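Worksheet for the structure shown next.
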Amino acid sequence: MDAGSKVGFTGQIQVSEVDVIPKVPSENEGNTGPVHRLKLLTLLFALSPELLFLAASVKLQDNGYDGLLVAINPRVPENLNLITNIKEMITEASFYLFNATKRRVFFRNIQILIPASWTAHNYSKVKHEFYEKANVIVTEQNGVHGDDPYTLQHRGCGKEGKYIHFTPNFLLNDELAAGYGSRGRVFVHEWAHLRWGVFDEYNHEKPFYMNGHNEIQITRCSSDITGVFVCEKGLCPHEDCIISKLFREGCTFLYNSTQNATGSIMFMPSLSSVVEFCDDSTHNHEAPNLQNQVCNLRSTWDVITDSSDLNHSLPMQGVELPPPPMFSLMQAGDKVICLVMDVSRKMAEADRLLRLQQAAELYLMQVVEIGTFVGIVTFDSKGEIRAPLQQINSDNDRRLLVSYLPNTVTTKEETNTCAGVKRGFEVVEKRNGRADGSVMILVTSGADEHIDNCLLTAMSSGSTIHSIALGSSAVRRLEEISHLTGGDIFQQSLQLERTTKHGRWTYTLNNTHHSPQALKVIVASRASSLAISPATVEAFVETDSTYFPQPVIIYANVRKGLYPILNATVMATIEPEAGDPIMLQLFDNGAGADVIKKDGIYSRYFFSFAVSGRYSLTVHVHQAPSIITLAHSVPGSHAMYVPGYITNDNIQMNAPKNPGHRGVEEQWGFSRISSGGSFFVSGVPAGPHLDMFPPCKITDLEALKVGEDVVLSWTAPGEDFDQGQVSASYEIRMSRSLPRIRDDFSNTILVNTSELNPQRAGTREIFTFSPKLVTNELDHELDGEMQETYILYVAMRAVDQNLLKSAVSNIALVSLPVSQDSLPALSRDYLILKGVLIAVGLIAVICLITAVAHCSLNRNKRALKRDNRTTVL
């Protein structure tokens, strides 16, 4: 903005604060690139209540899990019984898990994060533990699922989820155990979702199905679990309950409370007999559940044993149980922050120090919360404490801290980041003798190659270090310090105005300075009260590094409170260190990189790597006000609430499940922006290179019997992963053998797809074929086994113009009748011979029975005569 000029801007927002942030010089002004421009701006975004971190790291060693973090939401009213019941739940879960995994794993050390608003009871002080990093959260839930425990899973089979959610009522109300099962058993059910990426073996939307024998079956695993249909008047046949593939109103299916089946935990852990996961011998691969769809008909135990946890853990010897878990209770104390700022000569380039000083002043005057302790350290080749810890209680305190900010660089070229970090620890340790729970904001030119010297000290300090690098020479170790201590790109706005007004806003800015000023405008919204949840966006990537040509999956979690926001326009901007930014739209369609449809987590593959190096990610989300956007249910793997049981032929119903609240339908619009940090790409070839990107795997293939035909439907992949249009063909194959199509796809029966033209990625494809056309081949797979019906397994893959093939899709199945006319002669002869043999066998049995009876009768007569002679004598 030139001196004396004005600029206006308008925008549509809901409840908003308008933020004006000095912009780092562009590349032609001497800056080193967009990645570092983003990093400098993050200084003003520090320490937001909505700060989003990576989940706490749970480690498995010597068969025991350490580092599991359970966090109670600050909005939950204080109740010490919550802590007691959490301990009891995980203790029970540990022993149940140990037995279910055949003596392989248990819980050893658990951390419980207590809200800072609760009364202090000599709890330990936090180090790197934050609510947003928790593996298990305890918070209210008012959706249609009520008190259902659930796990938010956003990745594929065998991949870890985001978190487990329990409501306070679930943890406090003992009556809920009748429907859900004991809390410890439920915890293991959810832990398997979170840790091992298995999915539910029931399906509320498809509670029953037609199996390969043309019988109506309830969706369950294992199929040995027994139960009966119940109507309004009592027990009834299924014909009275199922109409047009729906349950008649007043009907349900109740399971027997006493069972012989020991599996499965992912179906119904509330049954006392259930102590195992379904394995290959008990798994019901016909059931239309998410486990079969996402995990390609694999059993849960097969997926679990394939995990690194069980691959690297041998069963514990002996018969003793592991010790009960140890619990650490932690609570946040006073907020302590230290600014550690580089003042070496490199900070004079592109006016870095001047802009840093301006940013830090705004941060201290506008952003840091009242009651926070703040210190300031500078460094070049040595570190210097400019301001010891001072608590901010007034504007005068803020101005005093601002006076200690550096405004000139030194003459020294050398940068010793570790010297600054060491001085920073000295500052924060003055508070209570330790750095635990403190935050250090480290700003440097990034030219120090010796940062390894303080890596171990930083990791063991208990302080969270947020690093901001301003130069292109920034070493990766700088970011590693942040990652290892829990730091990350963080977000906080500089508030110019706060109001509860909503609608279209217009602001005009006037430059009163004598020199041009670079400005960046950000609009952020906050809820007007704690009772209203704001719309939020969390952007993140699958991994922080990859090697060409392996793609990166980009995610955006778009929510209002815990509820997913649907139908939003989500655009990711990916900026390389050098070159133009790349725009990529993310989708929530359950295809390609997106695992679960309409769960509020938008995703997409990114593979347009121009060069090796670091790429930064920013996600923009927009929603027009004319679309109802809020889903009134929280997606995820929910624990099953059992309505009742059959006990000794008597119906015993549980209390009706709390239905929750659907809420009020809303029409509202919003715009959000979120930084997703950065990721590193290696091995990108220089110059043009061959196509190395195949179409992505099809994950939502479905098969349906229509008459004598099979109708397939799926979401089209792209020419390159999930982008573009497949220009070659689809390869569809079928088999009557599940192992054959799963393990030897290329040698199963090929379906003619010559008339099938692939559509653009994201389009719903439909294809119909007749299995009768290959009857002889299908019959050959039966190996002489005859049934009235059979299951046909179908899978497919896409092939692009360079003959690169996608991974084989999920396997779909459909039950089809066997046509007697098409049976091979050998099979008919076999049936005739089998019938003759059965008839001869029956005749032989009858003759044998007659002969035995005749002999017995004669023997009795002779015995009677002897008795009579004895009497006469």
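If you're wondering about the labels, chains in the structure tokens are A, B, ... by order shown, residues count from 1 in each chain, ligands from 1 in order shown.
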
Mind the document's chain letters and residue numbers, and return as JSON, numbers by chain the residues of region 566-606 of chain A that DSSP labels strand (DSSP E).
{"A": [569, 570, 571, 572, 573, 574, 575, 576, 582, 583, 584, 585, 586, 601, 602, 603, 604, 605, 606]}

Quick one: residues within 10 Å of Lys597 (chain A), only C-alpha atoms, excluding same-chain residues fewer than 3 positions away - as a VMD selection string?
chain A and resid 154 566 587 to 591 594 600 to 602 635 700

Report the residues of region 195-279 of chain A whose backbone DSSP state falls under helix (DSSP H, G or I), written as a PDB file with N, CA, C and O atoms, in the first residue's frame.
```pdb
ATOM      1  N   ARG A 195      -6.174 -47.795  16.692  1.00  0.00           N
ATOM      2  CA  ARG A 195      -4.779 -48.220  16.572  1.00  0.00           C
ATOM      3  C   ARG A 195      -4.509 -49.060  15.333  1.00  0.00           C
ATOM      4  O   ARG A 195      -3.481 -48.902  14.675  1.00  0.00           O
ATOM      5  N   TRP A 196      -5.461 -49.953  15.011  1.00  0.00           N
ATOM      6  CA  TRP A 196      -5.180 -50.940  13.970  1.00  0.00           C
ATOM      7  C   TRP A 196      -5.987 -50.727  12.695  1.00  0.00           C
ATOM      8  O   TRP A 196      -5.806 -51.468  11.730  1.00  0.00           O
ATOM      9  N   HIS A 238     -39.057 -64.516  10.564  1.00  0.00           N
ATOM     10  CA  HIS A 238     -38.527 -63.337   9.869  1.00  0.00           C
ATOM     11  C   HIS A 238     -39.468 -62.846   8.781  1.00  0.00           C
ATOM     12  O   HIS A 238     -39.438 -61.672   8.413  1.00  0.00           O
ATOM     13  N   GLU A 239     -40.324 -63.727   8.260  1.00  0.00           N
ATOM     14  CA  GLU A 239     -41.251 -63.279   7.222  1.00  0.00           C
ATOM     15  C   GLU A 239     -42.181 -62.187   7.720  1.00  0.00           C
ATOM     16  O   GLU A 239     -42.666 -61.366   6.942  1.00  0.00           O
ATOM     17  N   ASP A 240     -42.453 -62.181   9.029  1.00  0.00           N
ATOM     18  CA  ASP A 240     -43.340 -61.170   9.588  1.00  0.00           C
ATOM     19  C   ASP A 240     -42.618 -59.865   9.889  1.00  0.00           C
ATOM     20  O   ASP A 240     -43.249 -58.869  10.236  1.00  0.00           O
TER      21      ASP A 240
END
```

For Cys157 (chain A), find every residue with an atom within 8 Å (counting only C-alpha atoms), except residues of its own chain fewer than 4 positions away, and show them as a ChimeraX atom specification.
/A:197-199,294-295,303

Neighbouring residues of region 800-817 of chain A were defined as those with any atom within 7 Å, considering only C-alpha atoms; residues of the same chain fewer than 4 positions away were excluded. Please report them as a PyMOL selection string.
chain A and resi 211-212+293-294+296+694-705+719+726-729+788-796

Go ahead and write the selection's residues with N, CA, C and O atoms as a short mmCIF file (atom, residue, chain, number, x, y, z; two decimals), in the first residue's frame.
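And here is the file that came out, again-v4.cif:
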```
data_model
loop_
_atom_site.label_atom_id
_atom_site.label_comp_id
_atom_site.auth_asym_id
_atom_site.auth_seq_id
_atom_site.Cartn_x
_atom_site.Cartn_y
_atom_site.Cartn_z
N ASN A 211 -27.78 -64.52 1.98
CA ASN A 211 -26.48 -65.18 1.85
C ASN A 211 -26.43 -66.07 0.62
O ASN A 211 -27.38 -66.13 -0.17
N GLY A 212 -25.31 -66.78 0.46
CA GLY A 212 -25.11 -67.60 -0.72
C GLY A 212 -26.04 -68.78 -0.82
O GLY A 212 -26.14 -69.41 -1.88
N GLN A 293 -15.98 -54.09 3.37
CA GLN A 293 -15.81 -53.16 2.25
C GLN A 293 -14.42 -52.54 2.24
O GLN A 293 -13.74 -52.52 1.21
N VAL A 294 -14.00 -52.00 3.38
CA VAL A 294 -12.74 -51.25 3.42
C VAL A 294 -11.54 -52.18 3.45
O VAL A 294 -10.49 -51.88 2.88
N ASN A 296 -11.36 -55.33 2.26
CA ASN A 296 -11.32 -56.33 1.20
C ASN A 296 -11.66 -57.73 1.70
O ASN A 296 -11.00 -58.70 1.36
N PRO A 694 -0.12 -44.14 -11.70
CA PRO A 694 -1.24 -44.96 -12.16
C PRO A 694 -2.57 -44.41 -11.66
O PRO A 694 -2.60 -43.50 -10.81
N PRO A 695 -3.69 -44.93 -12.16
CA PRO A 695 -4.98 -44.56 -11.55
C PRO A 695 -5.03 -45.04 -10.09
O PRO A 695 -4.35 -45.99 -9.72
N CYS A 696 -5.82 -44.36 -9.28
CA CYS A 696 -5.93 -44.76 -7.88
C CYS A 696 -6.81 -46.00 -7.74
O CYS A 696 -7.57 -46.35 -8.65
N LYS A 697 -6.71 -46.65 -6.63
CA LYS A 697 -7.51 -47.85 -6.36
C LYS A 697 -8.99 -47.48 -6.22
O LYS A 697 -9.35 -46.48 -5.61
N ILE A 698 -9.86 -48.30 -6.82
CA ILE A 698 -11.30 -48.14 -6.64
C ILE A 698 -11.68 -48.77 -5.31
O ILE A 698 -11.39 -49.95 -5.07
N THR A 699 -12.32 -48.01 -4.45
CA THR A 699 -12.59 -48.49 -3.09
C THR A 699 -14.07 -48.66 -2.79
O THR A 699 -14.42 -49.09 -1.69
N ASP A 700 -14.94 -48.33 -3.73
CA ASP A 700 -16.38 -48.38 -3.45
C ASP A 700 -17.14 -49.20 -4.48
O ASP A 700 -18.28 -48.88 -4.82
N LEU A 701 -16.53 -50.27 -4.98
CA LEU A 701 -17.20 -51.15 -5.94
C LEU A 701 -18.37 -51.86 -5.26
O LEU A 701 -18.22 -52.42 -4.18
N GLU A 702 -19.54 -51.83 -5.90
CA GLU A 702 -20.73 -52.51 -5.40
C GLU A 702 -21.31 -53.39 -6.50
O GLU A 702 -21.25 -53.04 -7.68
N ALA A 703 -21.88 -54.54 -6.11
CA ALA A 703 -22.50 -55.47 -7.05
C ALA A 703 -23.93 -55.74 -6.63
O ALA A 703 -24.22 -55.92 -5.44
N LEU A 704 -24.82 -55.78 -7.63
CA LEU A 704 -26.25 -55.99 -7.36
C LEU A 704 -26.81 -56.94 -8.40
O LEU A 704 -26.52 -56.82 -9.60
N LYS A 705 -27.62 -57.91 -7.96
CA LYS A 705 -28.28 -58.84 -8.87
C LYS A 705 -29.57 -58.21 -9.38
O LYS A 705 -30.44 -57.81 -8.60
N GLU A 719 -6.84 -40.73 -14.53
CA GLU A 719 -5.70 -41.20 -15.30
C GLU A 719 -4.46 -41.25 -14.43
O GLU A 719 -3.65 -42.18 -14.50
N VAL A 726 -9.44 -41.73 -17.03
CA VAL A 726 -8.75 -42.92 -17.50
C VAL A 726 -8.93 -43.04 -19.01
O VAL A 726 -10.07 -43.06 -19.51
N SER A 727 -7.84 -43.11 -19.74
CA SER A 727 -7.93 -43.09 -21.21
C SER A 727 -7.83 -44.46 -21.83
O SER A 727 -7.98 -44.60 -23.03
N ALA A 728 -7.59 -45.50 -21.03
CA ALA A 728 -7.45 -46.84 -21.59
C ALA A 728 -8.68 -47.69 -21.29
O ALA A 728 -9.64 -47.70 -22.05
N SER A 729 -8.70 -48.38 -20.18
CA SER A 729 -9.78 -49.34 -19.96
C SER A 729 -9.90 -49.73 -18.50
O SER A 729 -9.07 -49.37 -17.66
N GLU A 788 -27.73 -74.85 -4.73
CA GLU A 788 -28.81 -74.18 -5.43
C GLU A 788 -28.43 -72.75 -5.81
O GLU A 788 -28.92 -72.21 -6.80
N THR A 789 -27.61 -72.11 -4.99
CA THR A 789 -27.12 -70.76 -5.27
C THR A 789 -25.61 -70.72 -5.06
O THR A 789 -25.03 -71.64 -4.46
N TYR A 790 -25.00 -69.70 -5.57
CA TYR A 790 -23.57 -69.55 -5.36
C TYR A 790 -23.25 -68.06 -5.24
O TYR A 790 -24.03 -67.20 -5.66
N ILE A 791 -22.10 -67.76 -4.63
CA ILE A 791 -21.64 -66.37 -4.49
C ILE A 791 -20.63 -66.09 -5.59
O ILE A 791 -19.70 -66.87 -5.81
N LEU A 792 -20.84 -64.98 -6.26
CA LEU A 792 -19.92 -64.53 -7.29
C LEU A 792 -19.13 -63.34 -6.74
O LEU A 792 -19.70 -62.35 -6.30
N TYR A 793 -17.81 -63.44 -6.76
CA TYR A 793 -16.93 -62.38 -6.30
C TYR A 793 -16.43 -61.59 -7.51
O TYR A 793 -16.01 -62.19 -8.51
N VAL A 794 -16.46 -60.28 -7.40
CA VAL A 794 -16.06 -59.41 -8.51
C VAL A 794 -15.07 -58.36 -8.00
O VAL A 794 -15.27 -57.79 -6.92
N ALA A 795 -14.04 -58.12 -8.77
CA ALA A 795 -13.08 -57.05 -8.47
C ALA A 795 -12.61 -56.45 -9.79
O ALA A 795 -12.84 -57.02 -10.87
N MET A 796 -11.92 -55.31 -9.71
CA MET A 796 -11.51 -54.63 -10.94
C MET A 796 -10.30 -53.75 -10.69
O MET A 796 -9.91 -53.49 -9.54
#
```

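Here the question is which of A:Ala348, A:His189, A:Thr768, A:Lys233 gets nearest to Thr300 (chain A) using only C-alpha atoms, and that residue is A:His189.
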
Which residues are close to region 673-675 of chain A, i.e. within 6 Å by only C-alpha atoms, leaving aside same-chain residues fewer than 4 positions away? Reply as a ChimeraX atom specification.
/A:618-620

Grab the CA of Tyr202 (chain A) to CA of Lys162 (chain A) distance for me, in Å with one decimal place.
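According to the coordinates, CA of Tyr202 (chain A) and CA of Lys162 (chain A) are separated by 21.2 Å.
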
For a test of reading the model, state the distance in Å between CA of Gln357 (chain A) and CA of His483 (chain A), rounded to one decimal.
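Taking CA of Gln357 (chain A) and CA of His483 (chain A), their separation equals 25.2 Å.
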
Quick one: residues within 12 Å of region 553-555 of chain A, only C-alpha atoms counted, chain neighbours fewer than 6 positions away excluded, as a PyMOL selection string?
chain A and resi 154-156+537-546+570-574+583-588+592-595+599-608+615-620+674-679+696+721-722

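Residue neighbourhood of Val230 (chain A), excluding near-sequence residues (fewer than 2 positions): Gly234, Leu235, Cys236, Cys251, Thr252 and Phe253 of chain A, at 6 Å, using only C-alpha atoms.
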
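The space separating CA of Ile137 (chain A) from CA of Leu69 (chain A) comes to 8.6 Å.
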